[in-house]
Number of protein chains: 2
Amino acid sequence: MSAIAKTPEPPYVACIFSSLRTDDDHGYAQASARMEELAAQQPGYLGIEAARDGLGITVSYWTDDESARAWKAVAEHRRVQRRGHVEWYAAYRVRIATVTREYGKP
Amino acid sequence: MSAIAKTPEPPYVACIFSSLRTDDDHGYAQASARMEELAAQQPGYLGIEAARDGLGITVSYWTDDESARAWKAVAEHRRVQRRGHVEWYAAYRVRIATVTREYGKP
């Protein structure tokens with residue numbers, strides 16, 4: 001299970017990935033776990049949160065827009081993005097946003 | 001099941017609500033459904049996406065920061081926020097962010 005990410009004081013960048021899956025599970029779980037592991041090794045990575053019940057929402061957090069763009073361009077990630085587009089996702093939306101304020105219950 | 005929200009060209013505002021529940025379900029499902037209904041009636045509302053499997057992530061979309069702030073201040077919503085803080089959520093984080101770009105597969 002995913003936890004609430006520990007992020008620093010804003011501003012920082014959130015990459016909101018909302019998706020609907022196909023019925024094709026072939027290789028999906030493995031690729032998904034590998035991408036979370038690989039993301040965590042990238043410069044500027046701050047954390048990730050994920051949940052799915054039908055609709056899936058994954059939010060990754062980055063120090064800045066350059067880090068988020070660089071992660072999108074990582075070769076192994078690009079191969080998985082192409083496979084996701086063709087095989088695993090019926091529809092998806094990626095929104096890149098700048099977090100300006102936040103609050104909560106620790 | 002939640003669908004992918006149909007949002008306009010950026011910029012607009014995303015309110016990312018990440019939460020971990022308590023074991024107390026009393027009144028939760030009803031309040032949650034009512035808040036989604038009430039949010040959709042507010043000025044500046046663009047859409048909502050929600051998923052939970054342990055961690056819950058709900059993202060509501062708004063035309064601007066003023067609309068997001070006004071929704072937080074709606075009296076019925078404030079009562080539910082207080083109840084959520086005390087009864088339903090072990091921990092949560094609310095992040096308000098400005099969406100600057102987006103792409104996807106329709």
# chains A, B, ... in the order shown; residues from 1 in each chain; ligands from 1
$ interface_residues --of "chain B" --to "chain A" --cutoff "8 Å" --atoms "only C-alpha atoms" --output "ChimeraX atom specification"
/B:1-4,14,18-20,49-57,85,90-106
$ select_by_dssp --residues "chain B" --states "alpha helix (DSSP H)" --output "PyMOL selection string"
chain B and resi 28-39+65-73+75-83
$ write_last_selection --atoms "N, CA and C atoms" --output "CSV table (one decimal), in the first residue's frame"
chain,number,residue,atom,x,y,z
B,28,TYR,N,-19.5,7.8,6.8
B,28,TYR,CA,-18.5,8.2,5.9
B,28,TYR,C,-18.9,8.2,4.4
B,29,ALA,N,-19.5,7.1,4.0
B,29,ALA,CA,-19.9,6.9,2.6
B,29,ALA,C,-20.9,7.9,2.2
B,30,GLN,N,-21.9,8.2,3.1
B,30,GLN,CA,-22.9,9.1,2.8
B,30,GLN,C,-22.4,10.5,2.7
B,31,ALA,N,-21.5,10.9,3.6
B,31,ALA,CA,-20.9,12.3,3.6
B,31,ALA,C,-20.0,12.4,2.3
B,32,SER,N,-19.3,11.4,2.0
B,32,SER,CA,-18.4,11.4,0.8
B,32,SER,C,-19.2,11.7,-0.5
B,33,ALA,N,-20.3,10.9,-0.6
B,33,ALA,CA,-21.1,11.1,-1.8
B,33,ALA,C,-21.8,12.5,-1.8
B,34,ARG,N,-22.2,12.9,-0.7
B,34,ARG,CA,-22.8,14.2,-0.6
B,34,ARG,C,-21.8,15.3,-0.9
B,35,MET,N,-20.6,15.2,-0.5
B,35,MET,CA,-19.6,16.2,-0.8
B,35,MET,C,-19.3,16.3,-2.3
B,36,GLU,N,-19.2,15.1,-2.9
B,36,GLU,CA,-19.0,15.1,-4.4
B,36,GLU,C,-20.1,15.8,-5.1
B,37,GLU,N,-21.4,15.6,-4.6
B,37,GLU,CA,-22.6,16.2,-5.2
B,37,GLU,C,-22.5,17.7,-5.0
B,38,LEU,N,-22.2,18.1,-3.8
B,38,LEU,CA,-22.2,19.5,-3.4
B,38,LEU,C,-21.0,20.3,-4.1
B,39,ALA,N,-19.9,19.6,-4.2
B,39,ALA,CA,-18.7,20.3,-4.9
B,39,ALA,C,-19.1,20.6,-6.4
B,65,ASP,N,-7.8,29.6,-8.0
B,65,ASP,CA,-7.6,29.4,-6.6
B,65,ASP,C,-8.8,29.9,-5.8
B,66,GLU,N,-9.4,31.0,-6.2
B,66,GLU,CA,-10.5,31.5,-5.4
B,66,GLU,C,-11.6,30.5,-5.3
B,67,SER,N,-11.9,29.8,-6.4
B,67,SER,CA,-13.0,28.8,-6.4
B,67,SER,C,-12.6,27.7,-5.4
B,68,ALA,N,-11.4,27.3,-5.5
B,68,ALA,CA,-11.0,26.2,-4.6
B,68,ALA,C,-11.1,26.6,-3.1
B,69,ARG,N,-10.7,27.9,-2.8
B,69,ARG,CA,-10.8,28.4,-1.5
B,69,ARG,C,-12.2,28.5,-1.0
B,70,ALA,N,-13.1,29.0,-1.9
B,70,ALA,CA,-14.5,29.2,-1.6
B,70,ALA,C,-15.2,27.8,-1.3
B,71,TRP,N,-14.8,26.8,-2.0
B,71,TRP,CA,-15.3,25.5,-1.7
B,71,TRP,C,-14.9,25.0,-0.4
B,72,LYS,N,-13.7,25.2,0.0
B,72,LYS,CA,-13.2,24.8,1.4
B,72,LYS,C,-14.1,25.6,2.5
B,73,ALA,N,-14.5,26.8,2.2
B,73,ALA,CA,-15.2,27.6,3.1
B,73,ALA,C,-16.7,27.4,3.2
B,75,ALA,N,-20.2,26.2,4.3
B,75,ALA,CA,-20.5,25.8,5.7
B,75,ALA,C,-20.7,24.3,5.8
B,76,GLU,N,-21.5,23.7,4.9
B,76,GLU,CA,-21.8,22.2,5.0
B,76,GLU,C,-20.5,21.4,4.8
B,77,HIS,N,-19.6,21.9,3.9
B,77,HIS,CA,-18.3,21.3,3.7
B,77,HIS,C,-17.4,21.4,4.9
B,78,ARG,N,-17.4,22.6,5.6
B,78,ARG,CA,-16.6,22.8,6.8
B,78,ARG,C,-17.0,21.8,7.9
B,79,ARG,N,-18.3,21.6,8.0
B,79,ARG,CA,-18.7,20.7,9.1
B,79,ARG,C,-18.2,19.3,8.8
B,80,VAL,N,-18.2,18.9,7.5
B,80,VAL,CA,-17.8,17.5,7.1
B,80,VAL,C,-16.2,17.5,7.3
B,81,GLN,N,-15.5,18.5,6.9
B,81,GLN,CA,-14.1,18.6,7.1
B,81,GLN,C,-13.7,18.3,8.6
B,82,ARG,N,-14.4,19.0,9.5
B,82,ARG,CA,-14.1,18.8,10.9
B,82,ARG,C,-14.4,17.4,11.4
B,83,ARG,N,-15.5,16.8,10.9
B,83,ARG,CA,-15.8,15.4,11.2
B,83,ARG,C,-14.7,14.5,10.7
$ closest_residue --among "B:Asp25, B:Gly84, B:Val74, B:Thr63" --to "B:Gly44" --atoms "only C-alpha atoms"
B:Thr63
$ calpha_fit_and_write --fixed "chain B" --moving "chain A" --output "short mmCIF file (atom, residue, chain, number, x, y, z; two decimals) with N, CA, C and O atoms, in the first residue's frame"
data_model
loop_
_atom_site.label_atom_id
_atom_site.label_comp_id
_atom_site.auth_asym_id
_atom_site.auth_seq_id
_atom_site.Cartn_x
_atom_site.Cartn_y
_atom_site.Cartn_z
N MET A 1 -17.74 4.00 -9.95
CA MET A 1 -16.32 4.23 -10.26
C MET A 1 -16.16 5.63 -10.83
O MET A 1 -16.98 6.11 -11.59
N SER A 2 -15.10 6.26 -10.44
CA SER A 2 -14.76 7.59 -10.90
C SER A 2 -14.21 7.52 -12.34
O SER A 2 -13.63 6.52 -12.74
N ALA A 3 -14.43 8.56 -13.13
CA ALA A 3 -13.91 8.64 -14.50
C ALA A 3 -12.80 9.69 -14.55
O ALA A 3 -12.59 10.42 -13.59
N ILE A 4 -12.10 9.74 -15.68
CA ILE A 4 -11.10 10.79 -15.87
C ILE A 4 -11.83 12.10 -16.13
O ILE A 4 -12.68 12.16 -17.01
N ALA A 5 -11.51 13.13 -15.36
CA ALA A 5 -12.22 14.42 -15.48
C ALA A 5 -11.91 15.07 -16.82
O ALA A 5 -10.78 14.99 -17.32
N LYS A 6 -12.93 15.69 -17.39
CA LYS A 6 -12.75 16.46 -18.63
C LYS A 6 -12.44 17.89 -18.22
O LYS A 6 -13.34 18.63 -17.82
N THR A 7 -11.19 18.27 -18.34
CA THR A 7 -10.76 19.60 -17.91
C THR A 7 -10.38 20.44 -19.12
O THR A 7 -10.03 19.90 -20.17
N PRO A 8 -10.43 21.78 -18.97
CA PRO A 8 -10.11 22.67 -20.09
C PRO A 8 -8.61 22.82 -20.26
O PRO A 8 -7.82 22.21 -19.54
N GLU A 9 -8.21 23.65 -21.21
CA GLU A 9 -6.79 23.99 -21.38
C GLU A 9 -6.25 24.59 -20.09
O GLU A 9 -6.92 25.43 -19.47
N PRO A 10 -5.05 24.19 -19.65
CA PRO A 10 -4.43 24.86 -18.51
C PRO A 10 -4.20 26.35 -18.83
O PRO A 10 -4.12 26.70 -20.01
N PRO A 11 -4.06 27.20 -17.80
CA PRO A 11 -3.97 26.84 -16.39
C PRO A 11 -5.33 26.71 -15.71
O PRO A 11 -6.28 27.38 -16.06
N TYR A 12 -5.39 25.81 -14.73
CA TYR A 12 -6.50 25.68 -13.80
C TYR A 12 -5.93 25.07 -12.53
O TYR A 12 -4.72 24.80 -12.47
N VAL A 13 -6.77 24.87 -11.52
CA VAL A 13 -6.26 24.47 -10.21
C VAL A 13 -6.66 23.03 -9.87
O VAL A 13 -7.80 22.63 -10.13
N ALA A 14 -5.71 22.27 -9.34
CA ALA A 14 -5.98 20.91 -8.85
C ALA A 14 -5.80 20.90 -7.33
O ALA A 14 -4.82 21.43 -6.81
N CYS A 15 -6.77 20.31 -6.65
CA CYS A 15 -6.70 20.16 -5.20
C CYS A 15 -6.54 18.66 -4.92
O CYS A 15 -7.46 17.88 -5.13
N ILE A 16 -5.33 18.26 -4.51
CA ILE A 16 -4.99 16.85 -4.32
C ILE A 16 -5.17 16.49 -2.84
O ILE A 16 -4.46 17.03 -1.99
N PHE A 17 -6.12 15.62 -2.56
CA PHE A 17 -6.42 15.22 -1.18
C PHE A 17 -5.99 13.75 -1.01
O PHE A 17 -6.60 12.84 -1.56
N SER A 18 -4.92 13.53 -0.25
CA SER A 18 -4.39 12.18 -0.01
C SER A 18 -4.70 11.81 1.43
O SER A 18 -4.42 12.61 2.33
N SER A 19 -5.25 10.61 1.66
CA SER A 19 -5.70 10.30 3.02
C SER A 19 -5.56 8.84 3.39
O SER A 19 -5.59 7.95 2.53
N LEU A 20 -5.42 8.61 4.67
CA LEU A 20 -5.50 7.28 5.26
C LEU A 20 -6.67 7.29 6.22
O LEU A 20 -6.78 8.19 7.07
N ARG A 21 -7.53 6.29 6.11
CA ARG A 21 -8.74 6.22 6.91
C ARG A 21 -8.49 5.64 8.30
O ARG A 21 -7.52 4.93 8.52
N THR A 22 -9.40 5.96 9.22
CA THR A 22 -9.51 5.23 10.48
C THR A 22 -10.40 4.01 10.23
O THR A 22 -10.83 3.78 9.10
N ASP A 23 -10.73 3.26 11.28
CA ASP A 23 -11.66 2.14 11.14
C ASP A 23 -13.12 2.61 11.25
O ASP A 23 -14.04 1.80 11.10
N ASP A 24 -13.32 3.89 11.52
CA ASP A 24 -14.66 4.41 11.77
C ASP A 24 -15.37 4.74 10.46
O ASP A 24 -15.08 5.75 9.82
N ASP A 25 -16.31 3.89 10.07
CA ASP A 25 -17.05 4.10 8.82
C ASP A 25 -18.36 4.85 9.02
O ASP A 25 -19.06 5.14 8.05
N HIS A 26 -18.69 5.15 10.27
CA HIS A 26 -20.00 5.70 10.58
C HIS A 26 -20.26 7.02 9.82
O HIS A 26 -19.62 8.04 10.11
N GLY A 27 -21.17 6.98 8.87
CA GLY A 27 -21.56 8.18 8.13
C GLY A 27 -20.62 8.56 7.01
O GLY A 27 -20.88 9.52 6.28
N TYR A 28 -19.53 7.82 6.84
CA TYR A 28 -18.50 8.23 5.88
C TYR A 28 -18.96 8.19 4.43
O TYR A 28 -18.81 9.17 3.70
N ALA A 29 -19.52 7.06 4.01
CA ALA A 29 -19.89 6.89 2.59
C ALA A 29 -20.93 7.94 2.18
O ALA A 29 -20.84 8.54 1.10
N GLN A 30 -21.88 8.17 3.07
CA GLN A 30 -22.94 9.13 2.79
C GLN A 30 -22.35 10.55 2.67
O GLN A 30 -22.69 11.29 1.73
N ALA A 31 -21.49 10.92 3.59
CA ALA A 31 -20.88 12.25 3.57
C ALA A 31 -20.01 12.43 2.34
O ALA A 31 -20.01 13.48 1.71
N SER A 32 -19.28 11.37 1.98
CA SER A 32 -18.40 11.43 0.82
C SER A 32 -19.19 11.66 -0.47
O SER A 32 -18.85 12.53 -1.28
N ALA A 33 -20.28 10.91 -0.63
CA ALA A 33 -21.13 11.07 -1.82
C ALA A 33 -21.76 12.45 -1.84
O ALA A 33 -21.82 13.12 -2.88
N ARG A 34 -22.22 12.91 -0.67
CA ARG A 34 -22.86 14.23 -0.59
C ARG A 34 -21.85 15.34 -0.93
O ARG A 34 -22.18 16.30 -1.60
N MET A 35 -20.59 15.19 -0.50
CA MET A 35 -19.59 16.22 -0.78
C MET A 35 -19.26 16.26 -2.28
O MET A 35 -19.06 17.33 -2.84
N GLU A 36 -19.24 15.10 -2.94
CA GLU A 36 -19.01 15.11 -4.40
C GLU A 36 -20.16 15.83 -5.11
O GLU A 36 -19.94 16.57 -6.06
N GLU A 37 -21.38 15.58 -4.63
CA GLU A 37 -22.56 16.22 -5.22
C GLU A 37 -22.54 17.74 -4.98
O GLU A 37 -22.80 18.52 -5.90
N LEU A 38 -22.19 18.12 -3.74
CA LEU A 38 -22.17 19.55 -3.38
C LEU A 38 -21.04 20.29 -4.10
O LEU A 38 -21.23 21.42 -4.57
N ALA A 39 -19.89 19.66 -4.21
CA ALA A 39 -18.74 20.27 -4.92
C ALA A 39 -19.14 20.61 -6.35
O ALA A 39 -18.82 21.69 -6.86
N ALA A 40 -19.86 19.68 -6.99
CA ALA A 40 -20.22 19.85 -8.40
C ALA A 40 -21.16 21.04 -8.62
O ALA A 40 -21.32 21.50 -9.75
N GLN A 41 -21.77 21.53 -7.53
CA GLN A 41 -22.68 22.68 -7.65
C GLN A 41 -21.97 24.02 -7.45
O GLN A 41 -22.59 25.08 -7.55
N GLN A 42 -20.69 23.98 -7.09
CA GLN A 42 -19.99 25.23 -6.73
C GLN A 42 -19.47 25.96 -7.98
O GLN A 42 -19.10 25.32 -8.97
N PRO A 43 -19.42 27.29 -7.90
CA PRO A 43 -18.83 28.06 -8.99
C PRO A 43 -17.37 27.66 -9.20
O PRO A 43 -16.64 27.47 -8.22
N GLY A 44 -16.98 27.51 -10.45
CA GLY A 44 -15.58 27.21 -10.75
C GLY A 44 -15.24 25.73 -10.72
O GLY A 44 -14.09 25.36 -11.00
N TYR A 45 -16.19 24.87 -10.38
CA TYR A 45 -15.94 23.42 -10.36
C TYR A 45 -15.72 22.89 -11.77
O TYR A 45 -16.48 23.18 -12.69
N LEU A 46 -14.68 22.09 -11.95
CA LEU A 46 -14.38 21.51 -13.26
C LEU A 46 -14.54 19.99 -13.31
O LEU A 46 -14.78 19.42 -14.37
N GLY A 47 -14.36 19.34 -12.16
CA GLY A 47 -14.46 17.88 -12.16
C GLY A 47 -13.77 17.29 -10.96
O GLY A 47 -13.12 17.99 -10.17
N ILE A 48 -13.92 15.97 -10.78
CA ILE A 48 -13.31 15.30 -9.63
C ILE A 48 -12.92 13.88 -10.05
O ILE A 48 -13.57 13.27 -10.90
N GLU A 49 -11.83 13.40 -9.48
CA GLU A 49 -11.37 12.02 -9.69
C GLU A 49 -11.04 11.44 -8.32
O GLU A 49 -10.46 12.13 -7.49
N ALA A 50 -11.38 10.17 -8.10
CA ALA A 50 -11.12 9.58 -6.79
C ALA A 50 -10.78 8.10 -6.93
O ALA A 50 -11.33 7.41 -7.79
N ALA A 51 -9.86 7.64 -6.09
CA ALA A 51 -9.50 6.21 -6.03
C ALA A 51 -9.01 5.92 -4.62
O ALA A 51 -8.46 6.79 -3.94
N ARG A 52 -9.27 4.71 -4.17
CA ARG A 52 -8.73 4.30 -2.87
C ARG A 52 -8.41 2.83 -2.90
O ARG A 52 -9.21 2.02 -3.35
N ASP A 53 -7.19 2.44 -2.48
CA ASP A 53 -6.93 1.07 -2.06
C ASP A 53 -5.94 1.16 -0.90
O ASP A 53 -4.75 1.02 -1.05
N GLY A 54 -6.51 1.41 0.29
CA GLY A 54 -5.69 1.73 1.45
C GLY A 54 -5.51 3.23 1.45
O GLY A 54 -6.31 3.97 2.02
N LEU A 55 -4.47 3.72 0.76
CA LEU A 55 -4.34 5.15 0.53
C LEU A 55 -5.48 5.62 -0.38
O LEU A 55 -5.80 4.97 -1.38
N GLY A 56 -6.09 6.74 -0.04
CA GLY A 56 -7.09 7.35 -0.90
C GLY A 56 -6.54 8.62 -1.54
O GLY A 56 -5.81 9.37 -0.89
N ILE A 57 -6.82 8.81 -2.82
CA ILE A 57 -6.44 10.04 -3.50
C ILE A 57 -7.67 10.58 -4.21
O ILE A 57 -8.28 9.89 -5.02
N THR A 58 -8.05 11.80 -3.86
CA THR A 58 -9.15 12.49 -4.55
C THR A 58 -8.58 13.79 -5.10
O THR A 58 -7.96 14.56 -4.36
N VAL A 59 -8.76 14.02 -6.39
CA VAL A 59 -8.30 15.27 -7.00
C VAL A 59 -9.52 16.01 -7.52
O VAL A 59 -10.27 15.48 -8.35
N SER A 60 -9.77 17.21 -6.99
CA SER A 60 -10.83 18.05 -7.54
C SER A 60 -10.19 19.18 -8.35
O SER A 60 -9.10 19.65 -8.01
N TYR A 61 -10.86 19.56 -9.42
CA TYR A 61 -10.31 20.56 -10.34
C TYR A 61 -11.20 21.80 -10.35
O TYR A 61 -12.43 21.68 -10.34
N TRP A 62 -10.56 22.96 -10.36
CA TRP A 62 -11.24 24.25 -10.23
C TRP A 62 -10.67 25.25 -11.23
O TRP A 62 -9.50 25.16 -11.59
N THR A 63 -11.50 26.20 -11.62
CA THR A 63 -11.03 27.19 -12.60
C THR A 63 -9.89 28.04 -12.05
O THR A 63 -9.02 28.46 -12.81
N ASP A 64 -9.92 28.30 -10.74
CA ASP A 64 -8.89 29.17 -10.15
C ASP A 64 -8.81 28.95 -8.65
O ASP A 64 -9.62 28.24 -8.06
N ASP A 65 -7.82 29.57 -8.03
CA ASP A 65 -7.58 29.38 -6.61
C ASP A 65 -8.74 29.91 -5.75
O ASP A 65 -9.06 29.34 -4.72
N GLU A 66 -9.38 30.99 -6.20
CA GLU A 66 -10.50 31.56 -5.45
C GLU A 66 -11.65 30.54 -5.35
O GLU A 66 -12.27 30.40 -4.30
N SER A 67 -11.92 29.85 -6.43
CA SER A 67 -12.99 28.83 -6.41
C SER A 67 -12.64 27.70 -5.46
O SER A 67 -13.51 27.21 -4.71
N ALA A 68 -11.38 27.28 -5.47
CA ALA A 68 -10.95 26.19 -4.57
C ALA A 68 -11.07 26.64 -3.12
O ALA A 68 -11.54 25.88 -2.25
N ARG A 69 -10.67 27.87 -2.82
CA ARG A 69 -10.77 28.40 -1.45
C ARG A 69 -12.23 28.54 -1.03
O ARG A 69 -12.59 28.25 0.11
N ALA A 70 -13.07 28.99 -1.95
CA ALA A 70 -14.49 29.18 -1.64
C ALA A 70 -15.15 27.84 -1.29
O ALA A 70 -15.95 27.75 -0.37
N TRP A 71 -14.78 26.78 -2.03
CA TRP A 71 -15.32 25.45 -1.75
C TRP A 71 -14.93 24.99 -0.36
O TRP A 71 -15.74 24.46 0.40
N LYS A 72 -13.68 25.21 0.02
CA LYS A 72 -13.22 24.84 1.37
C LYS A 72 -14.05 25.54 2.44
O LYS A 72 -14.26 25.01 3.53
N ALA A 73 -14.55 26.77 2.14
CA ALA A 73 -15.24 27.59 3.14
C ALA A 73 -16.75 27.37 3.18
O ALA A 73 -17.43 27.93 4.05
N VAL A 74 -17.31 26.57 2.27
CA VAL A 74 -18.75 26.31 2.28
C VAL A 74 -19.14 25.64 3.61
O VAL A 74 -18.50 24.68 4.04
N ALA A 75 -20.17 26.19 4.27
CA ALA A 75 -20.49 25.78 5.65
C ALA A 75 -20.69 24.27 5.80
O ALA A 75 -20.12 23.64 6.70
N GLU A 76 -21.48 23.67 4.90
CA GLU A 76 -21.75 22.23 5.01
C GLU A 76 -20.45 21.43 4.81
O GLU A 76 -20.23 20.41 5.46
N HIS A 77 -19.60 21.91 3.93
CA HIS A 77 -18.32 21.26 3.69
C HIS A 77 -17.41 21.39 4.92
O HIS A 77 -16.72 20.44 5.29
N ARG A 78 -17.43 22.55 5.57
CA ARG A 78 -16.60 22.76 6.76
C ARG A 78 -16.99 21.82 7.89
O ARG A 78 -16.13 21.29 8.60
N ARG A 79 -18.29 21.59 8.04
CA ARG A 79 -18.74 20.66 9.09
C ARG A 79 -18.21 19.25 8.79
O ARG A 79 -17.75 18.55 9.71
N VAL A 80 -18.24 18.86 7.52
CA VAL A 80 -17.75 17.53 7.14
C VAL A 80 -16.22 17.45 7.27
O VAL A 80 -15.68 16.43 7.68
N GLN A 81 -15.54 18.54 6.95
CA GLN A 81 -14.07 18.57 7.14
C GLN A 81 -13.70 18.33 8.60
O GLN A 81 -12.78 17.58 8.91
N ARG A 82 -14.43 18.99 9.51
CA ARG A 82 -14.14 18.81 10.94
C ARG A 82 -14.38 17.37 11.37
O ARG A 82 -13.58 16.79 12.11
N ARG A 83 -15.48 16.81 10.88
CA ARG A 83 -15.80 15.42 11.23
C ARG A 83 -14.75 14.48 10.65
O ARG A 83 -14.32 13.53 11.31
N GLY A 84 -14.32 14.73 9.42
CA GLY A 84 -13.28 13.93 8.80
C GLY A 84 -11.99 13.98 9.59
O GLY A 84 -11.35 12.95 9.84
N HIS A 85 -11.61 15.17 10.01
CA HIS A 85 -10.38 15.36 10.78
C HIS A 85 -10.41 14.54 12.08
O HIS A 85 -9.43 13.91 12.45
N VAL A 86 -11.56 14.54 12.75
CA VAL A 86 -11.66 13.90 14.06
C VAL A 86 -11.96 12.40 13.94
O VAL A 86 -11.37 11.58 14.64
N GLU A 87 -12.88 12.02 13.02
CA GLU A 87 -13.42 10.65 13.02
C GLU A 87 -12.87 9.75 11.92
O GLU A 87 -12.55 8.59 12.17
N TRP A 88 -12.81 10.26 10.67
CA TRP A 88 -12.64 9.36 9.52
C TRP A 88 -11.21 9.21 9.01
O TRP A 88 -10.88 8.22 8.37
N TYR A 89 -10.38 10.24 9.28
CA TYR A 89 -9.03 10.21 8.71
C TYR A 89 -7.96 10.10 9.79
O TYR A 89 -7.87 10.95 10.68
N ALA A 90 -7.14 9.06 9.68
CA ALA A 90 -5.99 8.92 10.57
C ALA A 90 -4.93 9.95 10.20
O ALA A 90 -4.22 10.48 11.06
N ALA A 91 -4.81 10.24 8.90
CA ALA A 91 -3.85 11.23 8.40
C ALA A 91 -4.32 11.70 7.03
O ALA A 91 -4.95 10.94 6.30
N TYR A 92 -4.04 12.95 6.71
CA TYR A 92 -4.33 13.41 5.35
C TYR A 92 -3.44 14.59 4.99
O TYR A 92 -2.84 15.23 5.87
N ARG A 93 -3.36 14.85 3.71
CA ARG A 93 -2.60 15.99 3.19
C ARG A 93 -3.40 16.59 2.05
O ARG A 93 -3.92 15.85 1.20
N VAL A 94 -3.57 17.89 2.06
CA VAL A 94 -4.24 18.61 0.97
C VAL A 94 -3.20 19.49 0.30
O VAL A 94 -2.53 20.28 0.97
N ARG A 95 -3.04 19.31 -1.01
CA ARG A 95 -2.08 20.12 -1.77
C ARG A 95 -2.83 20.87 -2.87
O ARG A 95 -3.53 20.24 -3.66
N ILE A 96 -2.68 22.16 -2.91
CA ILE A 96 -3.32 22.98 -3.94
C ILE A 96 -2.26 23.35 -4.96
O ILE A 96 -1.19 23.87 -4.62
N ALA A 97 -2.57 23.04 -6.22
CA ALA A 97 -1.56 23.16 -7.27
C ALA A 97 -2.16 23.77 -8.53
O ALA A 97 -3.34 23.60 -8.82
N THR A 98 -1.33 24.48 -9.27
CA THR A 98 -1.75 25.06 -10.55
C THR A 98 -1.27 24.17 -11.68
O THR A 98 -0.06 23.96 -11.84
N VAL A 99 -2.21 23.63 -12.44
CA VAL A 99 -1.86 22.78 -13.58
C VAL A 99 -1.33 23.67 -14.70
O VAL A 99 -1.99 24.62 -15.11
N THR A 100 -0.12 23.34 -15.18
CA THR A 100 0.52 24.20 -16.18
C THR A 100 0.53 23.56 -17.57
O THR A 100 0.59 24.27 -18.57
N ARG A 101 0.51 22.21 -17.62
CA ARG A 101 0.47 21.53 -18.92
C ARG A 101 -0.09 20.13 -18.73
O ARG A 101 -0.08 19.61 -17.62
N GLU A 102 -0.57 19.53 -19.83
CA GLU A 102 -1.14 18.20 -19.73
C GLU A 102 -1.16 17.54 -21.10
O GLU A 102 -1.04 18.21 -22.14
N TYR A 103 -1.28 16.21 -21.09
CA TYR A 103 -1.37 15.45 -22.33
C TYR A 103 -1.97 14.10 -21.96
O TYR A 103 -2.15 13.80 -20.76
N GLY A 104 -2.28 13.28 -22.96
CA GLY A 104 -2.85 11.99 -22.61
C GLY A 104 -3.37 11.22 -23.81
O GLY A 104 -3.06 11.54 -24.96
N LYS A 105 -4.12 10.19 -23.48
CA LYS A 105 -4.78 9.33 -24.47
C LYS A 105 -6.27 9.43 -24.18
O LYS A 105 -6.70 9.07 -23.10
N PRO A 106 -7.07 9.95 -25.11
CA PRO A 106 -8.49 10.23 -24.84
C PRO A 106 -9.30 8.95 -24.59
O PRO A 106 -8.90 7.88 -24.99
#
$ decode --residues "stretch 26-35 of chain A" --atoms "N, CA, C and O atoms" --output "PDB file, in the first residue's frame"
ATOM      1  N   HIS A  26      -0.576  -8.373 -18.904  1.00  0.00           N
ATOM      2  CA  HIS A  26       0.711  -8.980 -19.200  1.00  0.00           C
ATOM      3  C   HIS A  26       1.879  -8.010 -18.942  1.00  0.00           C
ATOM      4  O   HIS A  26       2.033  -7.021 -19.665  1.00  0.00           O
ATOM      5  N   GLY A  27       2.660  -8.289 -17.918  1.00  0.00           N
ATOM      6  CA  GLY A  27       3.840  -7.484 -17.613  1.00  0.00           C
ATOM      7  C   GLY A  27       3.560  -6.211 -16.854  1.00  0.00           C
ATOM      8  O   GLY A  27       4.486  -5.478 -16.494  1.00  0.00           O
ATOM      9  N   TYR A  28       2.288  -5.924 -16.584  1.00  0.00           N
ATOM     10  CA  TYR A  28       1.932  -4.624 -16.006  1.00  0.00           C
ATOM     11  C   TYR A  28       2.452  -4.432 -14.582  1.00  0.00           C
ATOM     12  O   TYR A  28       3.090  -3.415 -14.285  1.00  0.00           O
ATOM     13  N   ALA A  29       2.183  -5.397 -13.706  1.00  0.00           N
ATOM     14  CA  ALA A  29       2.553  -5.240 -12.291  1.00  0.00           C
ATOM     15  C   ALA A  29       4.067  -5.084 -12.139  1.00  0.00           C
ATOM     16  O   ALA A  29       4.546  -4.235 -11.376  1.00  0.00           O
ATOM     17  N   GLN A  30       4.795  -5.878 -12.904  1.00  0.00           N
ATOM     18  CA  GLN A  30       6.255  -5.835 -12.844  1.00  0.00           C
ATOM     19  C   GLN A  30       6.770  -4.465 -13.328  1.00  0.00           C
ATOM     20  O   GLN A  30       7.633  -3.858 -12.681  1.00  0.00           O
ATOM     21  N   ALA A  31       6.242  -3.993 -14.438  1.00  0.00           N
ATOM     22  CA  ALA A  31       6.673  -2.703 -14.989  1.00  0.00           C
ATOM     23  C   ALA A  31       6.316  -1.566 -14.039  1.00  0.00           C
ATOM     24  O   ALA A  31       7.100  -0.637 -13.838  1.00  0.00           O
ATOM     25  N   SER A  32       5.135  -1.652 -13.435  1.00  0.00           N
ATOM     26  CA  SER A  32       4.685  -0.620 -12.512  1.00  0.00           C
ATOM     27  C   SER A  32       5.605  -0.520 -11.294  1.00  0.00           C
ATOM     28  O   SER A  32       6.042   0.571 -10.904  1.00  0.00           O
ATOM     29  N   ALA A  33       5.940  -1.672 -10.717  1.00  0.00           N
ATOM     30  CA  ALA A  33       6.844  -1.696  -9.560  1.00  0.00           C
ATOM     31  C   ALA A  33       8.227  -1.190  -9.947  1.00  0.00           C
ATOM     32  O   ALA A  33       8.853  -0.412  -9.222  1.00  0.00           O
ATOM     33  N   ARG A  34       8.703  -1.612 -11.120  1.00  0.00           N
ATOM     34  CA  ARG A  34      10.030  -1.191 -11.586  1.00  0.00           C
ATOM     35  C   ARG A  34      10.058   0.331 -11.811  1.00  0.00           C
ATOM     36  O   ARG A  34      11.037   0.988 -11.494  1.00  0.00           O
ATOM     37  N   MET A  35       8.970   0.901 -12.341  1.00  0.00           N
ATOM     38  CA  MET A  35       8.944   2.344 -12.593  1.00  0.00           C
ATOM     39  C   MET A  35       8.945   3.128 -11.274  1.00  0.00           C
ATOM     40  O   MET A  35       9.583   4.169 -11.179  1.00  0.00           O
TER      41      MET A  35
END
